[in-house]
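Undergrad: You'll find data_19.txt just under this line, and it carries compact mmCIF, C-alpha atoms and all ligand atoms.
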```
# COMPACT_ATOMS: atom_id res chain seq x y z
CA MET P 1 15.10 21.54 13.57
CA ALA P 2 13.66 18.81 11.38
CA LYS P 3 15.32 15.40 11.67
CA ILE P 4 14.93 11.88 10.37
CA ARG P 5 15.22 9.17 13.02
CA THR P 6 17.30 6.17 11.92
CA VAL P 7 18.24 3.16 14.05
CA LEU P 8 21.75 4.58 14.48
CA GLY P 9 20.53 8.06 15.42
CA ASP P 10 18.95 11.20 13.99
CA ILE P 11 20.15 12.56 10.66
CA ASP P 12 19.59 15.80 8.77
CA PRO P 13 16.87 15.25 6.13
CA THR P 14 19.23 16.59 3.44
CA ASP P 15 21.50 13.57 4.10
CA ALA P 16 18.80 10.99 3.31
CA GLY P 17 19.39 10.79 -0.48
CA VAL P 18 17.35 8.27 -2.47
CA THR P 19 14.89 6.77 0.00
CA LEU P 20 12.71 3.66 -0.30
CA THR P 21 9.78 3.85 2.09
CA HIS P 22 8.70 0.20 2.53
CA GLU P 23 11.16 -2.72 2.67
CA HIS P 24 11.77 -5.67 5.00
CA ILE P 25 15.26 -6.41 6.30
CA ARG P 26 13.70 -9.50 7.85
CA TYR P 27 10.20 -10.88 7.22
CA ALA P 28 8.79 -13.80 9.23
CA TYR P 29 5.29 -14.56 10.47
CA PRO P 30 4.48 -15.13 14.16
CA GLY P 31 5.52 -18.65 15.20
CA CYS P 32 8.54 -18.89 12.90
CA GLU P 33 10.80 -18.63 15.94
CA HIS P 34 9.91 -22.30 16.65
CA ASP P 35 10.58 -23.48 13.07
CA HIS P 36 13.58 -25.74 12.32
CA ARG P 37 13.92 -24.06 8.92
CA ASN P 38 14.30 -20.75 10.70
CA VAL P 39 17.53 -21.38 12.57
CA TRP P 40 19.90 -18.68 11.37
CA ASP P 41 23.22 -17.11 12.20
CA PHE P 42 23.13 -13.41 13.10
CA ASP P 43 26.54 -12.49 11.65
CA THR P 44 25.95 -14.33 8.36
CA VAL P 45 22.52 -12.80 7.82
CA ALA P 46 23.65 -9.30 8.82
CA ALA P 47 26.53 -9.52 6.33
CA GLU P 48 24.19 -10.75 3.54
CA ILE P 49 21.76 -7.88 4.12
CA ALA P 50 24.59 -5.34 4.33
CA GLN P 51 26.03 -6.52 1.01
CA VAL P 52 22.79 -5.69 -0.84
CA LEU P 53 22.33 -2.39 0.98
CA ALA P 54 25.95 -1.36 0.26
CA LEU P 55 25.46 -2.04 -3.45
CA GLY P 56 22.42 0.26 -3.31
CA VAL P 57 24.43 3.04 -1.68
CA THR P 58 27.42 2.90 -4.03
CA ARG P 59 25.76 2.11 -7.35
CA TYR P 60 22.32 3.72 -7.05
CA GLY P 61 22.58 6.25 -4.23
CA ILE P 62 19.90 4.40 -2.20
CA LYS P 63 21.13 5.90 1.07
CA THR P 64 18.00 5.45 3.20
CA VAL P 65 15.66 2.49 3.56
CA VAL P 66 12.56 2.27 5.73
CA ASP P 67 12.24 -1.22 7.21
CA LEU P 68 8.46 -1.29 7.50
CA THR P 69 8.41 -4.63 9.34
CA PRO P 70 6.00 -4.63 12.29
CA ALA P 71 7.34 -6.07 15.54
CA GLU P 72 5.31 -9.31 15.23
CA ILE P 73 6.62 -10.02 11.69
CA GLY P 74 10.23 -10.42 12.78
CA ARG P 75 11.39 -6.84 13.29
CA HIS P 76 14.93 -7.13 14.65
CA PRO P 77 16.44 -3.84 15.89
CA GLU P 78 19.93 -5.29 16.43
CA LEU P 79 20.04 -6.86 12.96
CA MET P 80 19.00 -3.52 11.46
CA ALA P 81 21.67 -1.66 13.41
CA GLU P 82 24.41 -4.11 12.36
CA ALA P 83 23.36 -4.11 8.68
CA SER P 84 23.32 -0.30 8.75
CA ARG P 85 26.80 -0.10 10.33
CA GLN P 86 28.29 -2.53 7.80
CA SER P 87 26.64 -1.05 4.70
CA GLY P 88 26.60 2.68 5.42
CA ALA P 89 22.89 2.78 4.52
CA HIS P 90 20.53 4.60 6.88
CA LEU P 91 17.80 2.26 8.13
CA ILE P 92 14.55 3.52 9.64
CA ALA P 93 12.59 1.14 11.87
CA THR P 94 8.82 0.96 12.31
CA THR P 95 6.48 0.71 15.23
CA GLY P 96 2.94 -0.61 14.79
CA PHE P 97 1.20 -3.77 13.62
CA PHE P 98 0.02 -5.86 10.65
CA PRO P 99 -3.72 -6.48 9.88
CA GLU P 100 -5.82 -8.58 12.25
CA SER P 101 -7.18 -10.85 9.45
CA ALA P 102 -6.47 -14.54 10.10
CA ALA P 103 -4.48 -13.51 13.20
CA MET P 104 -1.61 -12.44 10.93
CA GLY P 105 -1.02 -9.29 12.97
CA ILE P 106 -1.74 -7.65 16.33
CA PRO P 107 -0.78 -10.50 18.72
CA PHE P 108 -3.14 -11.43 21.55
CA HIS P 109 -1.10 -9.55 24.16
CA TRP P 110 -1.81 -6.31 22.28
CA ARG P 111 -5.44 -7.10 21.39
CA ARG P 112 -6.19 -7.05 25.12
CA GLN P 113 -4.70 -3.57 25.73
CA SER P 114 -6.40 -0.19 25.66
CA VAL P 115 -5.76 2.45 23.00
CA GLU P 116 -3.78 4.43 25.60
CA TYR P 117 -1.56 1.44 26.45
CA ILE P 118 -0.77 0.77 22.79
CA GLU P 119 -0.11 4.47 22.20
CA GLU P 120 2.35 4.55 25.09
CA MET P 121 4.31 1.64 23.58
CA LEU P 122 4.41 3.34 20.15
CA VAL P 123 5.69 6.60 21.65
CA ARG P 124 8.34 4.77 23.71
CA ASP P 125 9.51 2.85 20.60
CA LEU P 126 9.97 6.21 18.87
CA THR P 127 11.58 8.08 21.74
CA GLU P 128 13.29 5.55 24.08
CA GLY P 129 14.11 2.46 22.04
CA MET P 130 12.42 -0.71 20.76
CA VAL P 131 12.07 -3.86 22.86
CA TYR P 132 13.30 -7.14 21.37
CA ASP P 133 12.89 -10.47 23.15
CA SER P 134 12.11 -8.70 26.45
CA ARG P 135 15.25 -6.54 26.19
CA LEU P 136 15.15 -2.76 25.75
CA THR P 137 17.49 -1.91 22.88
CA PRO P 138 19.03 1.54 22.30
CA TYR P 139 17.53 1.59 18.77
CA LYS P 140 14.53 3.84 18.18
CA ALA P 141 11.80 3.54 15.56
CA GLY P 142 11.40 6.39 13.09
CA ILE P 143 7.94 5.84 11.62
CA LEU P 144 4.53 4.50 12.65
CA LYS P 145 2.63 1.74 10.85
CA VAL P 146 -1.01 0.78 10.76
CA SER P 147 -2.65 -1.95 8.66
CA THR P 148 -6.06 -3.04 7.39
CA GLY P 149 -7.54 -5.49 4.90
CA GLY P 150 -7.86 -9.16 4.02
CA LEU P 151 -5.26 -11.53 2.67
CA GLY P 152 -6.05 -11.17 -1.04
CA LYS P 153 -6.87 -14.49 -2.69
CA MET P 154 -6.40 -16.32 0.64
CA GLN P 155 -9.06 -14.29 2.45
CA PRO P 156 -11.39 -11.72 0.89
CA THR P 157 -12.20 -8.24 2.12
CA PRO P 158 -13.25 -8.24 5.79
CA ALA P 159 -16.92 -7.60 6.55
CA ALA P 160 -18.02 -4.04 7.20
CA GLY P 161 -18.42 -2.67 10.72
CA ASP P 162 -21.39 -0.59 11.90
CA ASP P 163 -20.07 2.47 10.09
CA GLY P 164 -19.80 0.57 6.79
CA ARG P 165 -16.00 0.52 6.87
CA HIS P 166 -14.17 -2.78 6.35
CA VAL P 167 -11.83 -2.36 9.31
CA GLY P 168 -11.66 -4.74 12.28
CA PRO P 169 -12.05 -3.80 15.96
CA TYR P 170 -8.37 -4.30 16.87
CA GLU P 171 -7.24 -2.41 13.79
CA ARG P 172 -9.48 0.47 14.88
CA LYS P 173 -7.76 0.52 18.28
CA CYS P 174 -4.36 0.61 16.59
CA ILE P 175 -5.49 3.41 14.25
CA ARG P 176 -6.46 5.56 17.23
CA ALA P 177 -3.23 4.72 19.06
CA VAL P 178 -1.12 5.52 16.00
CA ALA P 179 -2.92 8.85 15.46
CA GLY P 180 -2.34 9.73 19.12
CA ALA P 181 1.35 8.81 18.92
CA GLN P 182 1.74 10.89 15.75
CA ARG P 183 0.25 13.94 17.48
CA LYS P 184 2.77 13.54 20.32
CA VAL P 185 5.90 12.77 18.28
CA GLY P 186 5.21 14.38 14.88
CA CYS P 187 6.46 11.56 12.66
CA ALA P 188 4.95 9.98 9.54
CA ILE P 189 2.49 7.08 9.45
CA ASN P 190 2.93 4.45 6.75
CA THR P 191 0.15 1.95 6.10
CA HIS P 192 -0.67 -1.48 4.71
CA THR P 193 -3.88 -1.80 2.70
CA GLN P 194 -4.78 -4.91 0.68
CA PRO P 195 -4.57 -4.23 -3.09
CA MET P 196 -7.27 -6.81 -3.93
CA ASP P 197 -9.71 -4.95 -1.67
CA TYR P 198 -9.62 -1.89 -3.96
CA ALA P 199 -11.78 -3.78 -6.47
CA PHE P 200 -14.61 -4.11 -3.91
CA THR P 201 -14.24 -1.35 -1.31
CA ASN P 202 -12.37 1.89 -0.65
CA PRO P 203 -9.62 0.70 1.70
CA GLY P 204 -7.37 3.75 1.40
CA ILE P 205 -10.22 6.21 1.89
CA GLU P 206 -11.69 4.24 4.81
CA LEU P 207 -8.31 4.14 6.54
CA LEU P 208 -7.67 7.85 5.94
CA ASP P 209 -11.16 8.69 7.28
CA LEU P 210 -10.48 6.78 10.50
CA LEU P 211 -7.00 8.27 10.91
CA GLU P 212 -8.32 11.81 10.39
CA GLU P 213 -11.22 11.22 12.81
CA ALA P 214 -8.59 10.19 15.39
CA GLY P 215 -6.65 13.40 14.79
CA ALA P 216 -3.83 12.25 12.46
CA ASP P 217 -2.25 14.70 10.00
CA PRO P 218 -3.19 13.43 6.49
CA GLY P 219 -0.17 15.23 5.01
CA LYS P 220 2.07 12.88 7.04
CA VAL P 221 0.21 9.69 6.11
CA ILE P 222 1.34 7.33 3.33
CA ILE P 223 -1.25 4.91 1.93
CA GLY P 224 0.70 1.77 1.01
CA HIS P 225 -0.01 -0.85 -1.70
CA ALA P 226 -2.59 1.51 -3.25
CA PHE P 227 -1.80 0.73 -6.83
CA VAL P 228 -3.11 -2.52 -8.27
CA HIS P 229 -6.63 -1.65 -9.37
CA PRO P 230 -6.65 0.03 -12.80
CA ASN P 231 -9.45 2.42 -11.78
CA LEU P 232 -7.67 5.49 -10.40
CA ASP P 233 -10.69 7.19 -8.79
CA GLN P 234 -9.73 6.16 -5.25
CA LEU P 235 -6.10 7.20 -5.72
CA LYS P 236 -7.10 10.59 -7.13
CA GLU P 237 -9.44 11.17 -4.18
CA LEU P 238 -6.66 10.32 -1.70
CA CYS P 239 -4.29 12.79 -3.41
CA ARG P 240 -7.01 15.45 -3.53
CA ARG P 241 -7.39 15.09 0.25
CA GLY P 242 -3.69 15.83 0.70
CA THR P 243 -2.41 12.42 1.70
CA ASN P 244 0.38 10.43 0.04
CA LEU P 245 0.50 7.22 -2.00
CA GLN P 246 3.21 4.61 -1.95
CA ILE P 247 3.82 2.97 -5.31
CA ASP P 248 5.39 -0.33 -4.29
CA HIS P 249 5.94 -3.90 -5.52
CA ILE P 250 8.01 -2.51 -8.37
CA GLY P 251 9.47 -5.60 -10.08
CA ILE P 252 7.41 -7.97 -7.89
CA PRO P 253 4.37 -9.63 -9.51
CA TRP P 254 2.17 -9.45 -6.41
CA GLN P 255 -1.28 -10.79 -7.38
CA ASN P 256 -0.49 -10.22 -11.08
CA GLU P 257 0.69 -12.55 -13.86
CA SER P 258 4.16 -11.06 -14.16
CA ALA P 259 6.35 -8.24 -12.84
CA GLU P 260 6.14 -6.59 -16.29
CA GLN P 261 2.34 -6.58 -16.14
CA LEU P 262 2.27 -4.93 -12.71
CA ASP P 263 5.10 -2.52 -13.63
CA GLU P 264 3.10 -1.32 -16.63
CA LEU P 265 -0.06 -0.90 -14.55
CA ILE P 266 1.67 1.13 -11.86
CA ALA P 267 3.76 3.13 -14.36
CA ASN P 268 0.52 4.20 -16.05
CA ALA P 269 -0.92 5.18 -12.67
CA VAL P 270 2.22 7.21 -11.84
CA ALA P 271 2.05 8.98 -15.22
CA ALA P 272 -1.67 9.75 -14.85
CA LEU P 273 -1.33 11.08 -11.27
CA THR P 274 1.67 13.19 -12.31
CA GLU P 275 -0.34 14.61 -15.22
CA LEU P 276 -3.00 15.67 -12.69
CA GLY P 277 -0.39 17.55 -10.64
CA TYR P 278 -0.04 15.02 -7.81
CA ILE P 279 3.68 14.19 -8.11
CA ASP P 280 4.32 15.68 -4.64
CA ARG P 281 2.09 12.95 -3.19
CA LEU P 282 4.06 9.91 -4.45
CA VAL P 283 6.81 7.73 -2.97
CA PHE P 284 8.29 4.49 -4.39
CA SER P 285 9.44 1.19 -2.89
CA TYR P 286 9.83 -2.52 -3.64
CA ASP P 287 8.54 -4.26 -0.47
CA ARG P 288 11.54 -6.56 -0.76
CA PHE P 289 12.26 -9.28 1.82
CA PHE P 290 16.00 -9.43 2.56
CA SER P 291 15.84 -12.58 4.67
CA HIS P 292 13.00 -14.93 5.48
CA ALA P 293 12.08 -18.00 7.43
CA ARG P 294 9.75 -20.19 5.41
CA GLY P 295 11.95 -22.71 3.65
CA PRO P 296 12.52 -23.04 -0.08
CA ILE P 297 10.73 -20.88 -2.64
CA THR P 298 7.73 -22.72 -4.11
CA ALA P 299 4.70 -21.91 -6.24
CA GLU P 300 2.58 -22.22 -3.09
CA GLU P 301 4.54 -19.41 -1.43
CA PRO P 302 4.45 -16.71 -4.09
CA GLU P 303 5.16 -13.96 -1.58
CA GLN P 304 8.73 -15.13 -1.57
CA LEU P 305 9.06 -13.55 -5.00
CA ASN P 306 9.59 -10.45 -2.87
CA GLU P 307 13.09 -11.79 -2.22
CA LEU P 308 14.13 -12.12 -5.82
CA VAL P 309 13.84 -8.55 -7.04
CA TYR P 310 17.23 -6.98 -7.86
CA TRP P 311 18.02 -3.99 -5.63
CA GLY P 312 18.78 -1.87 -8.71
CA TYR P 313 15.64 -2.91 -10.63
CA LEU P 314 13.93 0.44 -9.96
CA HIS P 315 16.79 2.34 -11.60
CA GLU P 316 17.61 -0.22 -14.31
CA SER P 317 14.14 -1.38 -15.42
CA PHE P 318 11.34 0.68 -13.92
CA ALA P 319 12.85 4.16 -14.49
CA PRO P 320 13.27 3.56 -18.28
CA ARG P 321 9.63 2.40 -18.43
CA LEU P 322 8.55 5.60 -16.68
CA ALA P 323 10.78 7.73 -18.92
CA LYS P 324 8.85 6.50 -21.98
CA LYS P 325 5.73 7.97 -20.38
CA GLY P 326 7.34 11.39 -19.85
CA PHE P 327 8.38 10.77 -16.24
CA GLY P 328 12.08 11.70 -16.42
CA LYS P 329 15.06 12.32 -14.13
CA ALA P 330 13.64 15.45 -12.45
CA GLU P 331 10.36 13.67 -11.65
CA LEU P 332 12.24 10.63 -10.36
CA HIS P 333 14.33 12.83 -8.05
CA LYS P 334 11.18 14.37 -6.60
CA VAL P 335 9.64 10.98 -5.81
CA LEU P 336 12.81 9.23 -4.61
CA VAL P 337 14.50 12.10 -2.74
CA ASP P 338 12.34 15.19 -2.10
CA ASN P 339 9.03 13.58 -1.13
CA PRO P 340 10.36 10.96 1.34
CA ARG P 341 12.69 13.55 2.92
CA ARG P 342 9.70 15.84 3.57
CA LEU P 343 7.48 13.00 4.84
CA LEU P 344 9.99 11.25 7.11
CA ALA P 345 11.13 14.40 8.93
CA PHE P 346 9.95 14.77 12.53
ZN ZN W 401 5.60 -5.00 3.25
```
As C-alpha cells, how would this structure be written, given the file I've shared?
Ligand SMILES: [Zn+2]
TA:
Amino acid sequence: MAKIRTVLGDIDPTDAGVTLTHEHIRYAYPGCEHDHRNVWDFDTVAAEIAQVLALGVTRYGIKTVVDLTPAEIGRHPELMAEASRQSGAHLIATTGFFPESAAMGIPFHWRRQSVEYIEEMLVRDLTEGMVYDSRLTPYKAGILKVSTGGLGKMQPTPAAGDDGRHVGPYERKCIRAVAGAQRKVGCAINTHTQPMDYAFTNPGIELLDLLEEAGADPGKVIIGHAFVHPNLDQLKELCRRGTNLQIDHIGIPWQNESAEQLDELIANAVAALTELGYIDRLVFSYDRFFSHARGPITAEEPEQLNELVYWGYLHESFAPRLAKKGFGKAELHKVLVDNPRRLLAF
C-alpha cells in the first residue's frame, strides 16, 4: 500500500492535506556550528518553529511540509521530530546534497566516496534513520534531493562538462546515487536548480537527462526553482517529458526587485502551463527558512528574506492573484493536495 514517510512515521497519503514540497525548518551553511551567532537553545527554537507550523495546520490546512534541507545545510532530525510533535504538522525529511559550486554542498567526506557508497547512505537514511552528529536517530527521510547550478549573481553558471551539460563531477556522482536509491526505495526526488542559469543554459533539462540516463523515474522527479525566466520553453519541455515543476519562492523576492514582481511572473507561468494542460505537473512551496544562523538581516544577506514570508501568504496573497488569471479553488486543490500526495507516496 502506498505511504508517505514522515519523520514520525508513515502516513496514509490521504491524510497529507495541503502539502508544501520545499521548506527549511533550519537553514545554515557548513561551518556555522563554530559561529558565536549560532548558539541556540533547542527547546526555544523547536517551540518557535512549531508555533508557525501549528498556525498553518489550524488556519490554512497546511498539514504536511517537506523540509528539503540537505544534511550539510543544518538538517536536524530531532528538531524536526520535536516541531512535528508540538505542532501536529507532518514533516518529511530529505536525504541528498546541495550543489558543489563554491563548496556550498557535498562536503569533502562525501566527494571522496563512490556512487555505491553514497547510494547506500541515501537508502539507509530512507529506511533505517538519519545520522546526526555521529548518532543514528530513529527518524527516517522521506524524499531524495539532488542539486546543480551556480550561485546566481555570486557565481555564474558552471562551465560545461564533456557532454555539454553544466553539471559538476561530484553532482554527477550524486545524481547517479540518487537515481539508484530511488529505484530501490521508490520515493520521489526533489531538486535544486539555479533560476539565474535558465537565462543561459537548460538546467532543468540537463538534470532530467542525467537522472533518466541513471535510471530515475521522471514521473517521480520534481524540478525545483524552475520559474524565474519569463521564457517558458524549458518548462513546457519538462512537462511534456512527464516530469514535475515546483513553483517556489512565492512571496520571496529571490533575484527579483520585489515579491510582487516575482509573484506576477510565476502566476503567469502557472496560468500558461495550466492552459496547456500541465496542471498535474505542478507543486507549490515558499522555500521559507524557519530558523537560521547568520546574524541580523542585512542588505548583504538577501537570502534571509526567506525568513520573513508569512506562512499564510500563499492562501492570503498568492491565491487571489492566481484566481484573477482563472486559476481557482479546484485548481489550487490539485496543486496543493492531489499532486504532492501522488508524488510523495512510496
Ligand atoms: Zn531551499
Undergrad: Distance limit 9 Å, reference ligand ZN 401 (chain W), atoms considered: all atoms listed in the file. Which residues make the cut? Give them as a ChimeraX atom specification.
TA: /P:22-24,27,67-69,192,224-225,248-249,286-289
Undergrad: Work out how far atom CA of Leu343 of chain P is from atom CA of Val123 of chain P, in Å to one decimal.
TA: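 Atom CA of Leu343 of chain P lies 18.1 Å from atom CA of Val123 of chain P.
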Undergrad: Which residue out of P:Ala214, P:Pro77, P:Val52, P:Ser87 has the minimum interatomic distance to Leu136 of chain P when only C-alpha atoms are used?
TA: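 Closest residue, counting only C-alpha atoms: P:Pro77.
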Undergrad: Just checking: using only C-alpha atoms, which residue out of P:Ala50, P:Met80, P:Ala89, P:Ala179 ends up closest to Thr137 of chain P?
TA: P:Met80
Undergrad: What does the structure give for the distance between atom CA of Ile247 of chain P and atom CA of Glu119 of chain P, in Å to one decimal?
TA: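 For atom CA of Ile247 of chain P relative to atom CA of Glu119 of chain P, the distance reads 27.8 Å.
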Undergrad: Show me the residues close to (9.3, 7.8, 5.5) - anything with an atom within 9 Å, counting all atoms listed in the file - and format the list as a PyMOL selection string.
TA: chain P and resi 4+19-22+65-66+92+142-143+187-190+220+222+283+339-345
Undergrad: Would you write out those residues with C-alpha atoms, as a PDB file, in the frame of the given file?
TA:
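Output (part_37.pdb):
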```pdb
ATOM      1  CA  ILE P   4      14.930  11.880  10.370  1.00  0.00           C
ATOM      2  CA  THR P  19      14.890   6.770   0.000  1.00  0.00           C
ATOM      3  CA  LEU P  20      12.710   3.660  -0.300  1.00  0.00           C
ATOM      4  CA  THR P  21       9.780   3.850   2.090  1.00  0.00           C
ATOM      5  CA  HIS P  22       8.700   0.200   2.530  1.00  0.00           C
ATOM      6  CA  VAL P  65      15.660   2.490   3.560  1.00  0.00           C
ATOM      7  CA  VAL P  66      12.560   2.270   5.730  1.00  0.00           C
ATOM      8  CA  ILE P  92      14.550   3.520   9.640  1.00  0.00           C
ATOM      9  CA  GLY P 142      11.400   6.390  13.090  1.00  0.00           C
ATOM     10  CA  ILE P 143       7.940   5.840  11.620  1.00  0.00           C
ATOM     11  CA  CYS P 187       6.460  11.560  12.660  1.00  0.00           C
ATOM     12  CA  ALA P 188       4.950   9.980   9.540  1.00  0.00           C
ATOM     13  CA  ILE P 189       2.490   7.080   9.450  1.00  0.00           C
ATOM     14  CA  ASN P 190       2.930   4.450   6.750  1.00  0.00           C
ATOM     15  CA  LYS P 220       2.070  12.880   7.040  1.00  0.00           C
ATOM     16  CA  ILE P 222       1.340   7.330   3.330  1.00  0.00           C
ATOM     17  CA  VAL P 283       6.810   7.730  -2.970  1.00  0.00           C
ATOM     18  CA  ASN P 339       9.030  13.580  -1.130  1.00  0.00           C
ATOM     19  CA  PRO P 340      10.360  10.960   1.340  1.00  0.00           C
ATOM     20  CA  ARG P 341      12.690  13.550   2.920  1.00  0.00           C
ATOM     21  CA  ARG P 342       9.700  15.840   3.570  1.00  0.00           C
ATOM     22  CA  LEU P 343       7.480  13.000   4.840  1.00  0.00           C
ATOM     23  CA  LEU P 344       9.990  11.250   7.110  1.00  0.00           C
ATOM     24  CA  ALA P 345      11.130  14.400   8.930  1.00  0.00           C
TER      25      ALA P 345
END
```
Undergrad: Atom CA of Thr243 of chain P and atom CA of Gly219 of chain P, how far apart in Å?
TA: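 Spanning atom CA of Gly219 of chain P to atom CA of Thr243 of chain P is a straight-line distance of 4.9 Å.
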Undergrad: Looking at P:Glu100, P:Asp209, P:Asp15, P:Asp217, which one is nearest to Tyr170 of chain P, with distances taken over only C-alpha atoms?
TA: P:Glu100
Undergrad: In terms of the shortest atom-to-atom distance over only C-alpha atoms, which of P:Ile250, P:Gly242, P:Ala83, P:Gly328 is closest to Ala271 of chain P?
TA: P:Gly328
Undergrad: Taking all atoms listed in the file into account, name the residue in P:Thr148, P:Gln261, P:Thr44, P:Thr157 that is nearest to Arg321 of chain P.
TA: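 Ranked by minimum distance to Arg321 of chain P, first place goes to P:Gln261.
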Undergrad: Determine the nearest neighbour of Cys239 of chain P from the options P:Ile62, P:Leu262, P:Ala81, P:Leu282, counting all atoms listed in the file.
TA: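 Smallest separation from Cys239 of chain P among the options: P:Leu282.
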Undergrad: Give as number ranges by chain each residue that has an atom at most 12 Å from (22.3, -15.4, 10.6) in the file, counting all atoms listed in the file.
TA: P: 26, 38-49, 76, 78-79, 82-83, 290-293
Undergrad: Just want the 12 Å neighbourhood of Phe98 of chain P, counted on only C-alpha atoms, with same-chain residues fewer than 6 positions away dropped. Output as a ChimeraX atom specification.
TA: /P:27-30,68-75,104-107,110,144-151,168,170-171,174-175,190-194
Undergrad: What's around Lys236 of chain P at 9 Å? Count only C-alpha atoms, leave out sequence neighbours fewer than 5 positions away in its own chain, and write the answer as an MDAnalysis selection string.
TA: chainID P and resid 241 273 276 278
